[in-house]
Each structure stands twice: as C-alpha cells, then as structure tokens.
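Structure data (mmCIF, C-alpha atoms) from coords_17.cif:
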data_target
#
loop_
_atom_site.label_atom_id
_atom_site.label_comp_id
_atom_site.auth_asym_id
_atom_site.auth_seq_id
_atom_site.Cartn_x
_atom_site.Cartn_y
_atom_site.Cartn_z
CA MET A 1 0.00 0.00 0.00
CA SER A 2 1.40 3.41 -0.82
CA SER A 3 0.75 6.07 1.78
CA LYS A 4 -0.37 9.64 1.25
CA ARG A 5 1.79 12.69 0.73
CA ASN A 6 -0.15 15.87 1.33
CA ALA A 7 1.05 19.40 0.66
CA ILE A 8 0.84 21.90 3.50
CA THR A 9 0.19 25.56 2.83
CA THR A 10 -0.40 28.64 4.93
CA ALA A 11 -3.86 29.96 5.79
CA ASP A 12 -2.85 33.38 4.44
CA ALA A 13 -1.68 32.82 0.84
CA ARG A 14 0.65 35.83 1.01
CA LEU A 15 2.68 34.07 3.70
CA ASP A 16 3.26 31.01 1.52
CA ILE A 17 6.90 31.66 0.66
CA PRO A 18 7.29 29.44 -2.43
CA LYS A 19 4.02 30.81 -3.83
CA THR A 20 4.87 34.44 -3.12
CA PHE A 21 8.29 34.16 -4.74
CA ALA A 22 7.26 31.63 -7.44
CA LEU A 23 9.69 28.95 -6.28
CA PRO A 24 9.43 25.26 -7.20
CA TYR A 25 8.93 23.69 -3.78
CA ALA A 26 6.23 23.12 -1.18
CA THR A 27 5.98 25.03 2.09
CA GLY A 28 5.50 21.68 3.74
CA VAL A 29 4.59 18.07 3.13
CA LYS A 30 2.79 15.70 5.45
CA ALA A 31 3.77 12.05 5.01
CA GLY A 32 3.57 9.10 7.38
CA ASP A 33 3.69 10.32 10.97
CA PHE A 34 5.59 13.48 10.07
CA ILE A 35 5.36 16.97 8.68
CA PHE A 36 8.40 18.25 6.79
CA LEU A 37 8.71 22.01 6.35
CA SER A 38 10.93 23.73 3.82
CA GLY A 39 13.53 26.18 5.07
CA LEU A 40 11.70 29.27 6.29
CA ILE A 41 13.06 32.78 6.00
CA ALA A 42 11.77 35.89 7.76
CA VAL A 43 8.77 37.39 6.01
CA ASP A 44 6.60 40.27 7.11
CA PRO A 45 3.44 38.67 8.59
CA ALA A 46 1.31 41.46 7.11
CA THR A 47 2.64 41.51 3.55
CA GLY A 48 4.66 38.34 2.98
CA GLU A 49 7.65 40.40 1.81
CA ARG A 50 11.11 39.44 2.99
CA ALA A 51 11.82 41.03 6.36
CA HIS A 52 15.56 41.61 6.46
CA GLY A 53 16.65 42.38 9.98
CA THR A 54 18.92 41.17 12.73
CA VAL A 55 19.51 37.53 13.60
CA VAL A 56 17.17 38.05 16.55
CA SER A 57 14.35 39.68 14.58
CA GLU A 58 14.57 37.20 11.71
CA THR A 59 14.63 34.20 14.06
CA ARG A 60 11.54 35.46 15.91
CA LEU A 61 9.59 36.00 12.69
CA ILE A 62 10.60 32.59 11.35
CA LEU A 63 9.62 30.66 14.47
CA ALA A 64 6.33 32.53 14.88
CA HIS A 65 5.59 31.70 11.25
CA MET A 66 6.62 28.07 11.76
CA ALA A 67 4.26 27.82 14.76
CA LYS A 68 1.35 29.10 12.66
CA ILE A 69 1.99 26.72 9.78
CA LEU A 70 2.29 23.73 12.10
CA GLU A 71 -0.77 24.67 14.13
CA ALA A 72 -2.89 25.07 11.01
CA SER A 73 -1.98 21.46 10.20
CA GLY A 74 -2.79 20.12 13.64
CA SER A 75 0.81 20.02 14.85
CA SER A 76 2.76 22.55 16.92
CA LEU A 77 6.25 23.72 17.88
CA GLY A 78 6.06 21.29 20.81
CA LYS A 79 5.90 18.41 18.33
CA VAL A 80 9.00 19.42 16.38
CA VAL A 81 11.62 16.68 16.54
CA LYS A 82 14.41 18.27 14.50
CA THR A 83 15.42 21.65 13.16
CA THR A 84 18.25 22.69 10.89
CA VAL A 85 19.39 26.29 11.15
CA TRP A 86 21.45 28.15 8.59
CA LEU A 87 23.00 31.25 10.07
CA HIS A 88 24.84 33.90 8.05
CA SER A 89 27.67 33.87 10.57
CA LEU A 90 28.40 31.61 13.50
CA LEU A 91 29.70 34.67 15.33
CA GLU A 92 26.01 35.28 15.99
CA LEU A 93 25.28 31.84 17.46
CA GLU A 94 24.47 33.36 20.84
CA ASP A 95 22.02 35.82 19.25
CA LEU A 96 20.33 32.91 17.53
CA ASN A 97 20.09 30.97 20.80
CA ARG A 98 18.67 33.96 22.64
CA ALA A 99 15.84 34.41 20.15
CA TYR A 100 15.32 30.68 19.58
CA GLN A 101 15.18 29.42 23.16
CA PRO A 102 11.85 30.99 24.26
CA PHE A 103 9.99 29.26 21.40
CA PHE A 104 11.14 25.85 22.62
CA ALA A 105 11.22 26.40 26.36
CA ALA A 106 10.55 22.79 27.37
CA ALA A 107 12.29 19.80 25.78
CA PRO A 108 13.59 21.54 22.66
CA PRO A 109 13.97 19.54 19.42
CA ALA A 110 17.24 18.08 18.15
CA ARG A 111 19.05 20.75 16.16
CA THR A 112 21.91 21.34 13.75
CA VAL A 113 23.28 24.83 13.20
CA CYS A 114 25.70 25.76 10.47
CA GLY A 115 27.08 29.01 9.11
CA ALA A 116 26.17 29.50 5.48
CA ARG A 117 25.28 32.03 2.85
CA ILE A 118 21.51 32.32 2.52
CA ASN A 119 19.49 33.41 -0.53
CA ASN A 120 18.75 37.10 -0.92
CA GLY A 121 21.00 38.17 1.91
CA MET A 122 18.79 36.83 4.67
CA LYS A 123 20.59 36.09 7.94
CA VAL A 124 18.66 33.05 9.14
CA GLN A 125 16.89 30.09 7.60
CA ILE A 126 15.28 27.27 9.58
CA ASP A 127 13.63 24.06 8.44
CA CYS A 128 12.01 21.37 10.56
CA ILE A 129 10.53 17.92 10.88
CA ALA A 130 7.59 17.60 13.28
CA LEU A 131 5.22 14.88 14.35
CA ALA A 132 1.95 15.35 12.51
CA MET B 1 -3.89 9.15 19.72
CA ALA B 2 -1.10 11.65 19.97
CA LEU B 3 2.18 10.25 18.76
CA ALA B 4 4.95 10.07 21.32
CA ARG B 5 7.98 12.32 21.13
CA GLU B 6 10.49 10.81 23.48
CA ILE B 7 13.61 12.64 24.64
CA LEU B 8 16.56 10.26 24.78
CA PRO B 9 18.94 10.84 27.68
CA ALA B 10 22.65 11.39 27.01
CA PRO B 11 24.54 8.14 27.68
CA SER B 12 27.50 10.07 29.09
CA PRO B 13 27.73 13.55 30.63
CA GLY B 14 29.89 15.11 27.91
CA LEU B 15 27.25 14.42 25.28
CA ASP B 16 24.55 16.42 27.03
CA PHE B 17 24.69 19.44 24.68
CA ALA B 18 22.18 21.46 26.62
CA ALA B 19 24.17 21.12 29.83
CA VAL B 20 27.67 21.36 28.36
CA PHE B 21 27.20 24.21 25.88
CA GLY B 22 23.98 25.79 27.11
CA HIS B 23 22.42 25.35 23.66
CA PRO B 24 18.60 25.19 23.47
CA GLN B 25 18.53 21.75 21.90
CA THR B 26 18.04 18.12 22.77
CA LEU B 27 20.64 15.52 21.88
CA ALA B 28 18.21 12.99 20.43
CA ILE B 29 14.48 12.48 20.07
CA ARG B 30 12.68 9.25 19.25
CA ALA B 31 9.42 9.59 17.36
CA GLY B 32 7.47 7.59 14.83
CA GLY B 33 9.98 4.73 14.69
CA LEU B 34 12.90 7.05 13.99
CA ILE B 35 15.61 8.74 16.06
CA PHE B 36 16.55 12.32 15.20
CA PHE B 37 19.94 13.51 16.39
CA SER B 38 21.29 16.99 16.84
CA GLY B 39 24.29 17.67 14.64
CA MET B 40 27.13 15.69 16.18
CA LEU B 41 30.53 17.23 16.71
CA ALA B 42 33.88 15.84 17.82
CA ILE B 43 33.50 16.20 21.57
CA ASN B 44 34.83 14.10 24.38
CA PRO B 45 31.91 11.97 25.60
CA GLN B 46 33.01 12.23 29.22
CA THR B 47 34.10 15.85 29.59
CA GLY B 48 32.25 17.51 26.70
CA GLU B 49 35.46 19.16 25.59
CA ARG B 50 35.76 19.86 21.88
CA GLU B 51 38.41 17.73 20.20
CA HIS B 52 39.62 19.83 17.30
CA GLY B 53 41.66 17.74 14.91
CA THR B 54 41.76 16.57 11.33
CA VAL B 55 38.74 15.57 9.29
CA THR B 56 39.78 11.98 9.97
CA SER B 57 40.13 12.30 13.75
CA GLU B 58 36.95 14.37 14.12
CA THR B 59 34.93 11.96 11.97
CA ARG B 60 36.20 9.02 14.02
CA ARG B 61 35.23 10.71 17.28
CA ILE B 62 31.79 11.57 15.93
CA PHE B 63 31.13 8.00 14.80
CA GLU B 64 32.31 6.65 18.16
CA ASN B 65 29.89 9.03 19.88
CA LEU B 66 27.09 8.08 17.50
CA LYS B 67 27.75 4.40 18.18
CA LEU B 68 27.47 5.06 21.90
CA LEU B 69 24.24 7.00 21.46
CA LEU B 70 22.62 4.62 19.00
CA GLU B 71 23.44 1.54 21.01
CA SER B 72 22.24 3.06 24.25
CA ALA B 73 18.95 3.75 22.45
CA GLY B 74 18.71 0.16 21.18
CA SER B 75 19.72 1.07 17.62
CA SER B 76 23.09 0.83 15.85
CA LEU B 77 25.28 2.40 13.17
CA ASP B 78 23.86 0.07 10.53
CA ARG B 79 20.36 1.39 11.23
CA ILE B 80 21.21 4.94 10.17
CA VAL B 81 18.79 6.09 7.47
CA GLN B 82 20.11 9.48 6.40
CA VAL B 83 23.21 11.56 7.04
CA HIS B 84 23.95 15.18 6.29
CA ALA B 85 27.71 15.37 6.44
CA LEU B 86 28.90 18.94 6.92
CA ILE B 87 32.59 19.58 6.32
CA TYR B 88 34.54 22.81 6.56
CA ASP B 89 36.10 22.51 3.13
CA ARG B 90 35.04 20.57 0.08
CA ILE B 91 38.69 19.82 -0.70
CA GLU B 92 38.64 17.20 2.10
CA TYR B 93 35.79 15.24 0.53
CA ASP B 94 37.95 12.19 -0.14
CA VAL B 95 39.42 12.32 3.34
CA LEU B 96 35.90 12.20 4.77
CA ASN B 97 34.98 9.27 2.55
CA ARG B 98 38.02 7.24 3.53
CA VAL B 99 37.18 7.25 7.22
CA TYR B 100 33.39 7.36 6.73
CA ARG B 101 33.23 4.07 4.83
CA GLN B 102 34.94 2.25 7.69
CA TYR B 103 31.97 2.93 9.94
CA VAL B 104 29.21 2.05 7.48
CA PRO B 105 30.85 -0.71 5.45
CA ASN B 106 27.67 -2.48 4.35
CA ALA B 107 24.64 -0.89 2.73
CA PRO B 108 25.56 2.66 3.81
CA PRO B 109 22.76 5.16 4.50
CA CYS B 110 21.62 8.00 2.25
CA ARG B 111 23.97 10.92 2.48
CA THR B 112 24.33 14.52 1.41
CA VAL B 113 27.62 16.37 1.89
CA TRP B 114 28.11 20.10 1.83
CA SER B 115 30.86 22.41 2.94
CA VAL B 116 29.94 25.05 5.44
CA GLN B 117 31.10 27.03 8.47
CA ILE B 118 30.87 24.77 11.54
CA GLU B 119 30.58 26.04 15.09
CA ALA B 120 33.66 26.62 17.21
CA GLY B 121 36.00 26.06 14.27
CA LEU B 122 35.38 22.33 14.08
CA LYS B 123 35.83 20.59 10.74
CA VAL B 124 33.06 18.00 10.65
CA GLN B 125 29.45 17.78 11.78
CA LEU B 126 27.20 14.78 11.12
CA ASP B 127 23.47 15.20 11.18
CA VAL B 128 21.81 11.80 11.50
CA ILE B 129 18.38 10.19 11.35
CA ALA B 130 18.27 6.50 12.28
CA ALA B 131 15.66 3.77 12.52
CA ALA B 132 14.80 3.30 16.21
#

Any chance you could put this one into structure tokens?
Amino acid sequence: MSSKRNAITTADARLDIPKTFALPYATGVKAGDFIFLSGLIAVDPATGERAHGTVVSETRLILAHMAKILEASGSSLGKVVKTTVWLHSLLELEDLNRAYQPFFAAAPPARTVCGARINNGMKVQIDCIALA
Amino acid sequence: MALAREILPAPSPGLDFAAVFGHPQTLAIRAGGLIFFSGMLAINPQTGEREHGTVTSETRRIFENLKLLLESAGSSLDRIVQVHALIYDRIEYDVLNRVYRQYVPNAPPCRTVWSVQIEAGLKVQLDVIAAA
C-alpha cells in the first residue's frame, strides 16, 4: 500500500513563501507520521515580503511563522523533533540561541546549526521535521 | 492518539549538549519509529570538551559518539537512514569518505555532503536520522 503525501500551505496565501516568490517547492509536506517544512526565511506577517533584519528579529519571525503553519496542520512547535538552522555567521550563534530558546522552552527539538550564505542576503533560515 | 515524542537521555555527561554548551537543543528524540539527532561534533563523551583535529580524527570521534548513542537507544550504526555530512572545506571530501566508509561498510545510508562554516572552528558535523 502506498501512503499519502499531502502538501501543507499557509492559511494566508501571502505568507506562503514558495508561492509568493514563485519557487518550485512546497511550504510543507505531510507524510507518514511526520510533517516536513521547507527552510523558512523571515517574512513580514502582514505583507509576505522578505523582512531583512537582525539575527534576533529574523529568528523570531521565522519561528512565529513556523508555529502558525504547524498549528494550522494540527501540529505545533512542541511536536517538532528536529530543526536545521542556517546562520549567516556563526559569530552570531548566541544571538540565535537567545531568540530561539523561548519558542522551545521545554524539551527543545534536536538541532543542527551551520554558518552559510543564505538566498537574498537573509541572515537566518530554519527548516524542521515535526510529528503530525 | 497523539504520537509520542520521546527525549533520549545522554549516555555520558559530555554528550549532554544542553548542559555542556547551554544550547537550546536536545541531543536525540525518538518519534514515529525514527531517532533524530542533533548535529554531532567531535566532543569528548566524558568531559564535553571539543576535540579539534583533522577531518579523519573528528569523523572518528563523531562516529564513536554516534555508536554510543545509537546503542544506548537500542539502535546501531547500521540502522542509520540518512546523514547530512557537513565539512569545513570541500577539498577534504575524499578524506571524509576514507574514514566514513569504515563505519558504514555495508549498505551505507543515504547521504548529502556540503561544505559550510561549523561552530567553534570544528571541521566536521554529522546530522543523522536512524531507525529506532
């Protein structure tokens, strides 16, 4: 038996990053017991435009956005099992941690952080795998 | 029924990332028949001290730590499903492969390698998902 693979989108179409920027990938896919989200960047929650800022401001926007997407699909930040974080410079690891920690106060997910160049000069990108 | 998301305890004190480095992350989470690990670095499993070395020595240390973790969780190196192998410089690709194949000699897992900035000036980070 083949199992289902369902696309996940945002309630507000403007906040659907691949749709807004016409990119060939899904915001998220639900398959088996899991939800897989594409790497999120900071977008303005009112307009969907890229919200360049500091590591702290971008991280907060990304994780608030991630929470909304997961909740709309019946999951939540508390069900995230793994995140991968791309950070424009590891010199800012502590800034990332400061903004990141409050979103995962109890039993945070497994995580990998690396320093990398991110599309369009954004400073942070985060993807995740969560229990559905 | 809500699916379980089980935090796996660190098998030795040095591997408790949250305690050793103060990072907001969990070492490993078991969920849906899989184990998701935080990106593993060359650290001493007893003291948590970083063991900066060559790609070869760091990869060895990481695999030894992974073996410890996987076996304490009832899994093993040959149950790894997917690896993201992060290295500091693409030029060491063959060096990584030489030591890597010793640890997964038969039916190795899926793998993606990219070169990236790794925290604290380490040269290798392995990001692993394994069957529980």

*asked:* One number please: CA of Ile7 in chain B to CA of Ala99 in chain A, in Å, one decimal.
replied: 22.3 Å

*Taking only C-alpha atoms into account, which residues of chain A are within 9 Å of chain B, as an MDAnalysis selection string?*
chainID A and resid 32:34 79:84 89:91 93:94 97:98 100:102 104:105 107:117 131:132

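Once the PyMOL selection byres ((chain B and resi 43) around 8) is applied to the depicted file, the selected set reads Gly14, Leu15, Leu41, Ala42, Asn44, Pro45, Gly48, Glu49, Arg50, Glu51, Arg61 and Ile62 of chain B.
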
*Distance criterion (only C-alpha atoms): nearest to Asp16 in chain B out of B:Thr112, B:Leu96, B:Leu69, B:His52*: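 When distances to Asp16 in chain B are compared using only C-alpha atoms, the smallest one comes from B:Leu69.
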
*Would you write out, as a PyMOL selection string, every residue that the PyMOL selection byres ((chain B and resi 56) around 7) captures in this file?*
chain B and resi 54-55+57-60+95-96+99

*Find the residues with any atom within 12 Å of (-0.2, 35.5, 9.2); use all atoms listed in the file and the coordinates as given in the file, and write the answer as JSON, numbers by chain.*
{"A": [9, 10, 11, 12, 13, 14, 15, 16, 17, 43, 44, 45, 46, 47, 48, 49, 61, 62, 64, 65, 66, 67, 68, 69, 71, 72]}

*Name all residues at most 8 Å from Ile41 in chain A (count all atoms listed in the file; drop same-chain ones fewer than 3 positions away) and give them as JSON, numbers by chain.*
{"A": [50, 58, 62, 122, 124, 125, 126]}

*Expressed in Å to a single decimal, how great is the separation between CA of Asp94 in chain B and CA of Ala131 in chain B?*
27.0 Å

*asked:* So, with all atoms listed in the file as the atoms that count, which of A:Val85, A:Leu70, A:His52, A:Ala106 lies closest to Asn120 in chain A?
replied: A:His52

*Given the file shown, enumerate the residues that the PyMOL selection byres ((chain B and resi 72) around 12) captures and present them as an MDAnalysis selection string.*
chainID B and resid 8:12 28 35 65:71 73:77 132

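CA of Thr54 in chain A to CA of Trp114 in chain B spans 25.4 Å [interatomic distance, one decimal].
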
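Residue nearest Arg5 in chain A within the list A:Val56, A:Val29, A:Ala22, A:Leu87: A:Val29 [criterion: smallest interatomic distance, only C-alpha atoms].
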
_Proximity to Ala85 in chain B - best of B:Phe63, B:Arg101, B:Arg111, B:Asn106, only C-alpha atoms_ = B:Arg111

*If you count all atoms listed in the file, which residues fall within 8 Å of Ala7 in chain A, apart from same-chain ones fewer than 5 positions away, as a PyMOL selection string?*
chain A and resi 26-30

Please write out, as lines of an AutoDock Vina configuration file, where the centre of an axis-aligned box around all listed atoms of range 66-85 of chain B lies and how long its edges are, in Å to one decimal, after adding 5 Å on each side.
center_x = 23.2
center_y = 7.7
center_z = 15.3
size_x = 19.0
size_y = 25.3
size_z = 28.0
